Structures are given as C-alpha cells and as structure tokens.
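Participant: For reference, the file start.cif (mmCIF, C-alpha atoms) is included below:
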data_work
loop_
_atom_site.label_atom_id
_atom_site.label_comp_id
_atom_site.auth_asym_id
_atom_site.auth_seq_id
_atom_site.Cartn_x
_atom_site.Cartn_y
_atom_site.Cartn_z
CA MET A 1063 0.00 0.00 0.00
CA ARG A 1064 3.06 2.24 0.08
CA SER A 1065 3.02 3.00 -3.67
CA SER A 1066 1.01 6.12 -2.87
CA LEU A 1067 1.82 8.22 -5.90
CA ARG A 1068 0.23 5.72 -8.26
CA ILE A 1069 -2.48 4.20 -6.12
CA LEU A 1070 -5.19 5.26 -8.60
CA LEU A 1071 -3.32 4.79 -11.85
CA PRO A 1072 -3.68 1.05 -12.53
CA LEU A 1073 -7.43 1.28 -13.08
CA ALA A 1074 -7.30 4.73 -14.62
CA ALA A 1075 -4.92 3.38 -17.24
CA VAL A 1076 -7.42 0.66 -18.16
CA VAL A 1077 -10.43 2.92 -18.41
CA LEU A 1078 -9.29 6.18 -19.89
CA LEU A 1079 -5.80 6.45 -18.62
CA ALA A 1080 -9.30 3.34 -15.86
CA GLY A 1081 -21.23 11.22 -5.54
CA CYS A 1082 -23.27 11.21 -3.42
CA THR A 1083 -26.99 11.70 -3.89
CA SER A 1084 -29.13 13.68 -1.50
CA GLY A 1085 -30.24 11.66 1.50
CA SER A 1086 -27.08 9.56 1.63
CA GLY A 1087 -25.41 11.67 4.33
CA SER A 1088 -24.97 10.36 7.85
CA GLY A 1089 -25.27 13.70 9.61
CA VAL A 1090 -21.55 13.35 10.31
CA ARG A 1091 -19.46 16.08 8.73
CA ALA A 1092 -15.75 16.78 8.75
CA GLU A 1093 -13.98 20.10 8.40
CA ILE A 1094 -10.66 19.75 6.57
CA LYS A 1095 -8.44 22.76 7.21
CA THR A 1096 -5.71 22.99 4.57
CA THR A 1097 -2.95 25.42 3.77
CA GLU A 1098 -5.18 26.62 0.88
CA GLY A 1099 -8.41 27.00 2.87
CA ASP A 1100 -11.19 24.93 4.45
CA ILE A 1101 -13.23 22.09 2.93
CA LEU A 1102 -16.41 20.81 4.62
CA ILE A 1103 -17.47 17.27 3.72
CA SER A 1104 -20.30 14.96 4.73
CA LEU A 1105 -19.91 11.21 5.25
CA SER A 1106 -22.39 8.65 3.91
CA ASP A 1107 -24.36 6.14 5.96
CA LEU A 1108 -24.33 3.86 2.90
CA THR A 1109 -20.63 3.17 3.51
CA PRO A 1110 -20.46 2.59 7.29
CA MET A 1111 -17.03 0.94 7.36
CA HIS A 1112 -15.45 3.83 5.45
CA ARG A 1113 -17.36 6.41 7.51
CA ASP A 1114 -16.31 4.91 10.84
CA ASN A 1115 -12.71 4.40 9.71
CA PHE A 1116 -12.48 8.03 8.61
CA ILE A 1117 -13.87 9.23 11.94
CA LYS A 1118 -11.37 7.06 13.80
CA LEU A 1119 -8.46 8.45 11.79
CA VAL A 1120 -9.60 12.04 12.28
CA GLU A 1121 -10.05 11.62 16.03
CA SER A 1122 -6.57 10.07 16.29
CA GLY A 1123 -5.05 13.07 14.51
CA PHE A 1124 -3.77 10.91 11.67
CA TYR A 1125 -4.56 13.41 8.91
CA ASP A 1126 -3.08 16.43 10.67
CA GLY A 1127 0.00 17.39 8.67
CA VAL A 1128 -0.32 15.06 5.67
CA SER A 1129 0.28 16.43 2.17
CA PHE A 1130 -1.84 16.36 -0.96
CA HIS A 1131 0.65 14.12 -2.69
CA ARG A 1132 -1.13 13.59 -6.02
CA VAL A 1133 -2.99 16.33 -7.88
CA ILE A 1134 -4.35 16.22 -11.44
CA LYS A 1135 -6.35 19.14 -12.81
CA GLU A 1136 -9.86 18.24 -14.03
CA PHE A 1137 -9.50 14.87 -12.28
CA MET A 1138 -8.93 14.81 -8.51
CA ILE A 1139 -6.77 15.75 -5.52
CA GLN A 1140 -5.43 12.91 -3.36
CA THR A 1141 -4.14 12.83 0.22
CA GLY A 1142 -3.84 10.57 3.26
CA ASP A 1143 -0.38 9.03 2.81
CA GLY A 1144 1.11 8.91 6.31
CA SER A 1145 4.66 9.00 4.96
CA THR A 1146 4.11 12.61 3.85
CA LYS A 1147 3.75 13.83 7.45
CA GLN A 1148 6.60 15.96 8.69
CA ASP A 1149 6.80 14.32 12.11
CA THR A 1150 8.46 10.95 12.72
CA ALA A 1151 5.55 9.20 14.41
CA ILE A 1152 5.00 5.54 13.53
CA LEU A 1153 1.72 5.42 11.63
CA ASN A 1154 -0.47 2.43 10.87
CA ASP A 1155 -1.55 3.20 7.33
CA ASP A 1156 -0.72 -0.08 5.61
CA TYR A 1157 -4.16 -1.68 5.81
CA THR A 1158 -7.27 -1.96 3.66
CA ILE A 1159 -11.04 -1.75 4.05
CA PRO A 1160 -13.50 -3.99 2.16
CA ALA A 1161 -15.09 -2.20 -0.80
CA GLU A 1162 -18.48 -0.58 -0.18
CA ILE A 1163 -19.22 0.41 -3.77
CA ASN A 1164 -22.79 1.65 -4.04
CA ASP A 1165 -24.45 2.58 -7.34
CA SER A 1166 -26.16 5.59 -5.78
CA LEU A 1167 -22.82 7.11 -4.77
CA PHE A 1168 -21.06 8.28 -7.91
CA HIS A 1169 -18.08 10.37 -8.94
CA LYS A 1170 -19.74 13.72 -9.53
CA ARG A 1171 -17.82 16.93 -8.79
CA GLY A 1172 -17.09 17.08 -5.05
CA ALA A 1173 -17.34 13.33 -4.41
CA VAL A 1174 -15.01 12.00 -1.70
CA ALA A 1175 -13.72 8.48 -2.39
CA ALA A 1176 -11.15 5.98 -1.16
CA ALA A 1177 -7.99 5.38 -3.18
CA ARG A 1178 -6.82 1.81 -3.71
CA MET A 1179 -4.38 -0.43 -5.51
CA GLY A 1180 -5.27 -1.66 -8.99
CA ASP A 1181 -7.35 -4.69 -9.95
CA ASP A 1182 -4.30 -6.72 -10.94
CA VAL A 1183 -3.11 -6.91 -7.32
CA ASN A 1184 -6.41 -6.05 -5.64
CA PRO A 1185 -9.22 -7.97 -7.39
CA GLU A 1186 -11.63 -7.38 -4.51
CA ARG A 1187 -11.16 -3.61 -4.92
CA ASN A 1188 -10.44 -3.11 -1.24
CA SER A 1189 -9.83 0.51 -0.28
CA SER A 1190 -6.71 2.05 1.18
CA GLY A 1191 -7.18 2.43 4.92
CA THR A 1192 -6.12 6.08 4.89
CA GLN A 1193 -5.78 7.55 1.40
CA PHE A 1194 -8.69 9.34 -0.21
CA TYR A 1195 -9.36 11.73 -3.05
CA ILE A 1196 -11.78 14.55 -3.80
CA VAL A 1197 -13.16 14.78 -7.33
CA GLN A 1198 -12.75 18.00 -9.29
CA GLY A 1199 -13.53 16.49 -12.67
CA LYS A 1200 -14.96 18.26 -15.68
CA VAL A 1201 -18.24 18.54 -17.62
CA TYR A 1202 -18.93 15.93 -20.32
CA ASN A 1203 -21.17 15.94 -23.39
CA ASP A 1204 -23.37 13.11 -24.66
CA GLY A 1205 -20.77 11.73 -27.05
CA GLU A 1206 -18.06 11.66 -24.42
CA LEU A 1207 -20.36 9.93 -21.94
CA ALA A 1208 -21.35 7.34 -24.54
CA ASN A 1209 -17.66 6.47 -25.01
CA ILE A 1210 -17.11 6.34 -21.26
CA ILE A 1211 -20.08 3.99 -20.81
CA GLN A 1212 -18.52 1.64 -23.38
CA ARG A 1213 -15.21 1.78 -21.53
CA ILE A 1214 -16.90 1.12 -18.19
CA GLU A 1215 -18.56 -1.95 -19.72
CA TYR A 1216 -15.23 -3.14 -21.11
CA ASN A 1217 -13.56 -2.64 -17.73
CA ARG A 1218 -16.42 -4.51 -16.04
CA ARG A 1219 -15.90 -7.51 -18.34
CA GLN A 1220 -12.17 -7.45 -17.67
CA TYR A 1221 -12.77 -7.22 -13.92
CA LEU A 1222 -15.18 -10.18 -13.92
CA TYR A 1223 -12.71 -12.26 -15.90
CA ASN A 1224 -9.79 -11.41 -13.61
CA LYS A 1225 -11.91 -12.14 -10.55
CA ALA A 1226 -13.03 -15.50 -11.96
CA LEU A 1227 -9.44 -16.34 -12.87
CA GLY A 1228 -8.23 -15.63 -9.35
CA ASP A 1229 -11.10 -17.55 -7.78
CA LEU A 1230 -10.50 -20.60 -9.98
CA ARG A 1231 -6.77 -20.61 -9.28
CA ARG A 1232 -7.45 -20.54 -5.54
CA GLU A 1233 -10.10 -23.24 -5.83
CA ALA A 1234 -7.71 -25.51 -7.76
CA LEU A 1235 -4.96 -24.90 -5.21
CA HIS A 1236 -7.15 -25.64 -2.19
CA ALA A 1237 -8.66 -28.71 -3.86
CA ASP A 1238 -5.17 -29.90 -4.81
CA THR A 1239 -6.54 -30.44 -8.31
CA ALA A 1240 -4.19 -30.90 -11.24
CA MET A 1241 -5.61 -28.40 -13.72
CA SER A 1242 -3.66 -26.69 -16.48
CA GLU A 1243 -3.56 -22.91 -16.74
CA ASP A 1244 -5.23 -23.14 -20.15
CA ILE A 1245 -8.23 -24.96 -18.66
CA ILE A 1246 -8.42 -22.49 -15.78
CA GLN A 1247 -8.44 -19.58 -18.22
CA GLN A 1248 -11.12 -21.20 -20.36
CA ASN A 1249 -13.29 -21.82 -17.30
CA ALA A 1250 -12.70 -18.21 -16.20
CA ILE A 1251 -14.08 -16.97 -19.52
CA VAL A 1252 -17.21 -19.08 -19.03
CA ARG A 1253 -17.68 -17.95 -15.44
CA ALA A 1254 -17.16 -14.28 -16.36
CA TYR A 1255 -19.65 -14.58 -19.24
CA GLU A 1256 -22.24 -16.11 -16.89
CA ALA A 1257 -21.71 -13.26 -14.41
CA MET A 1258 -22.15 -10.68 -17.19
CA GLU A 1259 -25.33 -12.36 -18.36
CA ALA A 1260 -26.69 -12.32 -14.80
CA GLU A 1261 -25.86 -8.65 -14.26
CA GLY A 1262 -26.92 -7.42 -17.69
CA PRO A 1263 -25.26 -4.57 -19.61
CA TYR A 1264 -24.11 -1.47 -17.79
CA ALA A 1265 -26.48 1.50 -18.01
CA MET A 1266 -25.55 4.85 -16.48
CA PRO A 1267 -28.51 6.22 -14.46
CA GLU A 1268 -30.16 9.31 -15.91
CA ASP A 1269 -29.47 11.44 -12.84
CA HIS A 1270 -25.77 10.56 -13.08
CA ILE A 1271 -25.73 11.54 -16.76
CA ASN A 1272 -27.41 14.86 -15.96
CA ALA A 1273 -24.89 15.56 -13.19
CA TYR A 1274 -21.92 14.82 -15.43
CA LYS A 1275 -23.35 17.09 -18.14
CA THR A 1276 -23.97 20.00 -15.76
CA VAL A 1277 -21.70 20.02 -12.66
CA GLY A 1278 -19.20 17.48 -14.01
CA GLY A 1279 -17.12 14.78 -12.36
CA THR A 1280 -15.05 11.70 -13.24
CA PRO A 1281 -17.60 9.16 -14.56
CA PHE A 1282 -14.94 6.67 -15.70
CA LEU A 1283 -14.29 5.73 -12.04
CA ASP A 1284 -17.90 4.76 -11.31
CA GLY A 1285 -18.43 1.24 -9.99
CA ALA A 1286 -14.74 0.72 -9.32
CA TYR A 1287 -13.92 2.83 -6.24
CA THR A 1288 -15.82 3.40 -3.00
CA VAL A 1289 -17.35 6.87 -2.79
CA PHE A 1290 -18.06 7.60 0.88
CA GLY A 1291 -18.81 11.31 1.09
CA GLU A 1292 -19.16 14.63 -0.69
CA VAL A 1293 -18.04 18.24 -0.36
CA LEU A 1294 -20.63 20.57 1.16
CA LYS A 1295 -18.51 23.74 1.13
CA GLY A 1296 -15.08 24.63 -0.15
CA MET A 1297 -15.00 23.46 -3.77
CA GLU A 1298 -13.13 26.67 -4.57
CA VAL A 1299 -10.34 25.28 -2.35
CA VAL A 1300 -10.43 21.97 -4.23
CA ASP A 1301 -10.19 23.92 -7.51
CA ALA A 1302 -7.24 25.94 -6.20
CA ILE A 1303 -5.37 22.80 -5.14
CA ALA A 1304 -6.18 21.06 -8.43
CA SER A 1305 -4.79 24.02 -10.38
CA THR A 1306 -1.45 24.13 -8.58
CA ALA A 1307 1.79 23.41 -10.46
CA THR A 1308 2.93 19.77 -10.16
CA ASP A 1309 6.02 17.72 -11.01
CA MET A 1310 6.27 14.66 -13.26
CA ASN A 1311 4.80 12.52 -10.44
CA ASP A 1312 1.71 14.78 -10.11
CA ARG A 1313 2.98 16.03 -6.75
CA PRO A 1314 2.51 19.75 -6.06
CA VAL A 1315 5.72 21.72 -6.55
CA ASN A 1316 4.82 23.82 -3.52
CA ASP A 1317 3.78 21.58 -0.63
CA ILE A 1318 0.05 21.67 0.18
CA ARG A 1319 -0.96 20.13 3.50
CA ILE A 1320 -3.91 19.31 5.70
CA ILE A 1321 -3.45 21.35 8.85
CA LYS A 1322 -6.25 19.83 10.92
CA VAL A 1323 -9.39 17.77 10.47
CA ARG A 1324 -12.25 17.78 12.96
CA ILE A 1325 -15.48 15.81 13.08
CA ILE A 1326 -18.77 17.71 13.38
CA LYS A 1327 -21.70 15.56 14.52
#
Take the structure from the file and write it as structure tokens.
Facilitator:
Amino acid sequence: MRSSLRILLPLAAVVLLAGCTSGSGSGVRAEIKTTEGDILISLSDLTPMHRDNFIKLVESGFYDGVSFHRVIKEFMIQTGDGSTKQDTAILNDDYTIPAEINDSLFHKRGAVAAARMGDDVNPERNSSGTQFYIVQGKVYNDGELANIIQRIEYNRRQYLYNKALGDLRREALHADTAMSEDIIQQNAIVRAYEAMEAEGPYAMPEDHINAYKTVGGTPFLDGAYTVFGEVLKGMEVVDAIASTATDMNDRPVNDIRIIKVRIIK
C-alpha cells in the first residue's frame, strides 16, 4: 500500500488512462483545514465501514499534517499518505477496508472516495485504509459519456474475468486439483460470461448523466472505487489545489498540506 503516488493509476490506465446523492449523508461532517483553505465534507451512511474508519483516523489526529501528494487538474486531488507527514511518528496506514461500492454514490464533482491499488493486485477492490481523493472532474457531453459507458462496460468484463481467474486458481490450489492454466483460463471466460449475463449490460442512471453534463465529475471511475462522502462547502479550495503546479509525479511543486481535520456531529 506504500506506492502512494500511483495508487489510482492502474485502473485509470485501463479505463481512460481506468457522488453522493441527496439523502445519503450520515449527519456526520468533517472540516478539513488545509494550507489553501477549508473544505467541509459529509460522510455517507451507505458506507459505514469507510465512515467509521475516517472518523477514527480524524479523532486520532492521523490526517493532521499530511500532504496532498497527487494532484491532477480536471481529475482529482489525493491525500492521506502517512509518509508525507513531517513528524516521525510511527503510523499504521498499511491496511485496507473492504469495498463498499454503491451505485447511488457516484463520482460527480465534489465526491469523496477511497484510493486503492489496482485490480491486478487487488481484485476485490479493497480501499486504502487512509488515502482518499476529492473529485474535481470536468463537464462531459453526450458523445463523451457514450464512449465512457462503453469503456466502463469493457472494464467490467475485464474485472469479472480477472476475478473469476483468481477464484478458480485458488479453488484448484485448495482442492489440490491438477488443472492446467489453459483450462483455468477457459473456465474463467465461461464464469465471467455467466456473471455478465446475470448482471446485464451497464447502463448509467439518468441522474448521473445529468450531473456529469452539468456540474461534471469523473464518470470513468464509477463502480470501481468506493465513494463515501461529498463536499458541502469549499470546492473553490479543491479547484485551487487542483490548479497548482505539479512535477512529473503529479505532486505539487509547492507543498500543500492538511493542517487539521475535525469531526462535526
């Protein structure tokens, strides 16, 4: 989990590189004070493990002093890597949380979501225990969204195949069954096809389409990362951070940090 600078890239590379609706809030909010200004977010009741983990980290002071270590304009700003803190405290940030991906929580502008390692090493799509990102995104037109929907469907097929492949390899190992890799791969194709048939084709909800055409977001991440909150106030701060100069690793040239986070219940 230490490869923080590229924790989003594996999926983004597959998809294009690979929000919350009203009523999803828990009544728990968090004020994120940064060197660029304050951001107020709400946490969702639809993702209780992520909500409670975030509250625990805030109350422990984990986020105080961490940098925004990955920033991409018209995409997102990412933070939460404990190694970017200036103090020398030993931090427990090398853990994951089971995915809580919910179709009603999507990547519209202002969505708060958990970063994670890519599908190739993380087929269950478990979230980083500490790293999260805030979506800046951009506005899309109908043609662009149609292409993204096709790419989401392609990525879904690839994910189901990789998951079936991993499951079958584990099943063969535990059963001590002599099965060639070719047979395992063929069976994975069948299992993935059956899963696709059961789920049906991907269709982006109309309210998501309208949001991406008006306020914007990052639709190509939908269904692949756990969205667990949204920005209530301070998107101008997100925009300012997203617009900062960065190096070849997408790290801000001038350090941008979280000063303090506090929970408001």
Participant: Could you please determine the separation between CA of Phe1282 (chain A) and CA of Gln1248 (chain A) in Å, to one decimal place?
Facilitator: 28.5 Å
Participant: Do you know which residues the PyMOL selection byres ((chain A and resi 1185-1193) around 6) returns on this file, as a ChimeraX atom specification?
Facilitator: /A:1141-1143,1155,1157-1161,1176-1178,1181,1184,1194,1225
Participant: Taking a cut-off of 9 Å and counting all atoms listed in the file, can you build a table that, for each residue of region 1204-1314 of chain A near region 1124-1134 of chain A, reports the nearest atom pair and how far apart they are in Å (one decimal), sorted by chain then residue number, as a Markdown table?
Facilitator:
| residue | atom | partner | partner_atom | distance |
| --- | --- | --- | --- | --- |
| A:Ile1303 | CA | A:Val1133 | CA | 7.4 |
| A:Ala1304 | CA | A:Val1133 | CA | 5.7 |
| A:Ser1305 | CA | A:Ile1134 | CA | 7.9 |
| A:Thr1306 | CA | A:Val1133 | CA | 8.0 |
| A:Ala1307 | CA | A:Val1133 | CA | 8.9 |
| A:Thr1308 | CA | A:Val1133 | CA | 7.2 |
| A:Asn1311 | CA | A:Arg1132 | CA | 7.5 |
| A:Asp1312 | CA | A:Arg1132 | CA | 5.1 |
| A:Arg1313 | CA | A:Arg1132 | CA | 4.8 |
| A:Pro1314 | CA | A:Val1133 | CA | 6.7 |
Participant: Identify all residues satisfying the PyMOL selection byres ((chain A and resi 1093) around 6) in the given file; provide them as a PyMOL selection string.
Facilitator: chain A and resi 1092+1094+1101-1102+1323-1324
Participant: May I have the protein, DNA and RNA residues with an atom at most 10 Å from (-17.5, 4.0, -21.3), counting all atoms listed in the file in the file's coordinates, returned as JSON, numbers by chain?
Facilitator: {"A": [1077, 1078, 1080, 1206, 1207, 1208, 1209, 1210, 1211, 1212, 1213, 1214, 1215, 1216, 1217, 1264, 1265, 1266, 1281, 1282, 1283]}
Participant: Env of Met1258 (chain A): 12 Å cut, atoms = all atoms listed in the file, seq-sep filter 3 positions within chain, self excluded. Answer as a PDB file with C-alpha atoms, in the coordinates of the input.
Facilitator:
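What landed in out-v6.pdb:
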ATOM      1  CA  GLU A1215     -18.560  -1.950 -19.720  1.00  0.00           C
ATOM      2  CA  TYR A1216     -15.230  -3.140 -21.110  1.00  0.00           C
ATOM      3  CA  ASN A1217     -13.560  -2.640 -17.730  1.00  0.00           C
ATOM      4  CA  ARG A1218     -16.420  -4.510 -16.040  1.00  0.00           C
ATOM      5  CA  ARG A1219     -15.900  -7.510 -18.340  1.00  0.00           C
ATOM      6  CA  GLN A1220     -12.170  -7.450 -17.670  1.00  0.00           C
ATOM      7  CA  TYR A1221     -12.770  -7.220 -13.920  1.00  0.00           C
ATOM      8  CA  LEU A1222     -15.180 -10.180 -13.920  1.00  0.00           C
ATOM      9  CA  TYR A1223     -12.710 -12.260 -15.900  1.00  0.00           C
ATOM     10  CA  ALA A1226     -13.030 -15.500 -11.960  1.00  0.00           C
ATOM     11  CA  ILE A1251     -14.080 -16.970 -19.520  1.00  0.00           C
ATOM     12  CA  VAL A1252     -17.210 -19.080 -19.030  1.00  0.00           C
ATOM     13  CA  ARG A1253     -17.680 -17.950 -15.440  1.00  0.00           C
ATOM     14  CA  ALA A1254     -17.160 -14.280 -16.360  1.00  0.00           C
ATOM     15  CA  TYR A1255     -19.650 -14.580 -19.240  1.00  0.00           C
ATOM     16  CA  GLU A1261     -25.860  -8.650 -14.260  1.00  0.00           C
ATOM     17  CA  GLY A1262     -26.920  -7.420 -17.690  1.00  0.00           C
ATOM     18  CA  PRO A1263     -25.260  -4.570 -19.610  1.00  0.00           C
ATOM     19  CA  TYR A1264     -24.110  -1.470 -17.790  1.00  0.00           C
TER      20      TYR A1264
END
Participant: Quick check on the file I pasted: which residues fall under the PyMOL selection byres ((chain A and resi 1288) around 8)? Write them as a list in words.
Facilitator: Ala1161, Glu1162, Ile1163, Asn1164, Ala1175, Ala1176, Ser1189, Gly1285, Ala1286, Tyr1287, Val1289 and Phe1290 of chain A
Participant: Quick one: residues within 10 Å of region 1228-1236 of chain A, all atoms listed in the file, excluding same-chain residues fewer than 6 positions away - as a ChimeraX atom specification?
Facilitator: /A:1182,1185,1222,1242-1243,1245-1247,1249-1250,1253
Participant: Env of His1270 (chain A): 12 Å cut, atoms = only C-alpha atoms, seq-sep filter 6 positions within chain, self excluded. Answer as a count of residues only.
Facilitator: 22
Participant: Counting all atoms listed in the file, select every polymer residue within 7 Å of (-8.5, 23.5, 1.0) as defined in the file's coordinates, and provide the selection as a VMD selection string.
Facilitator: chain A and resid 1095 to 1101 1296 1299 to 1300 1303
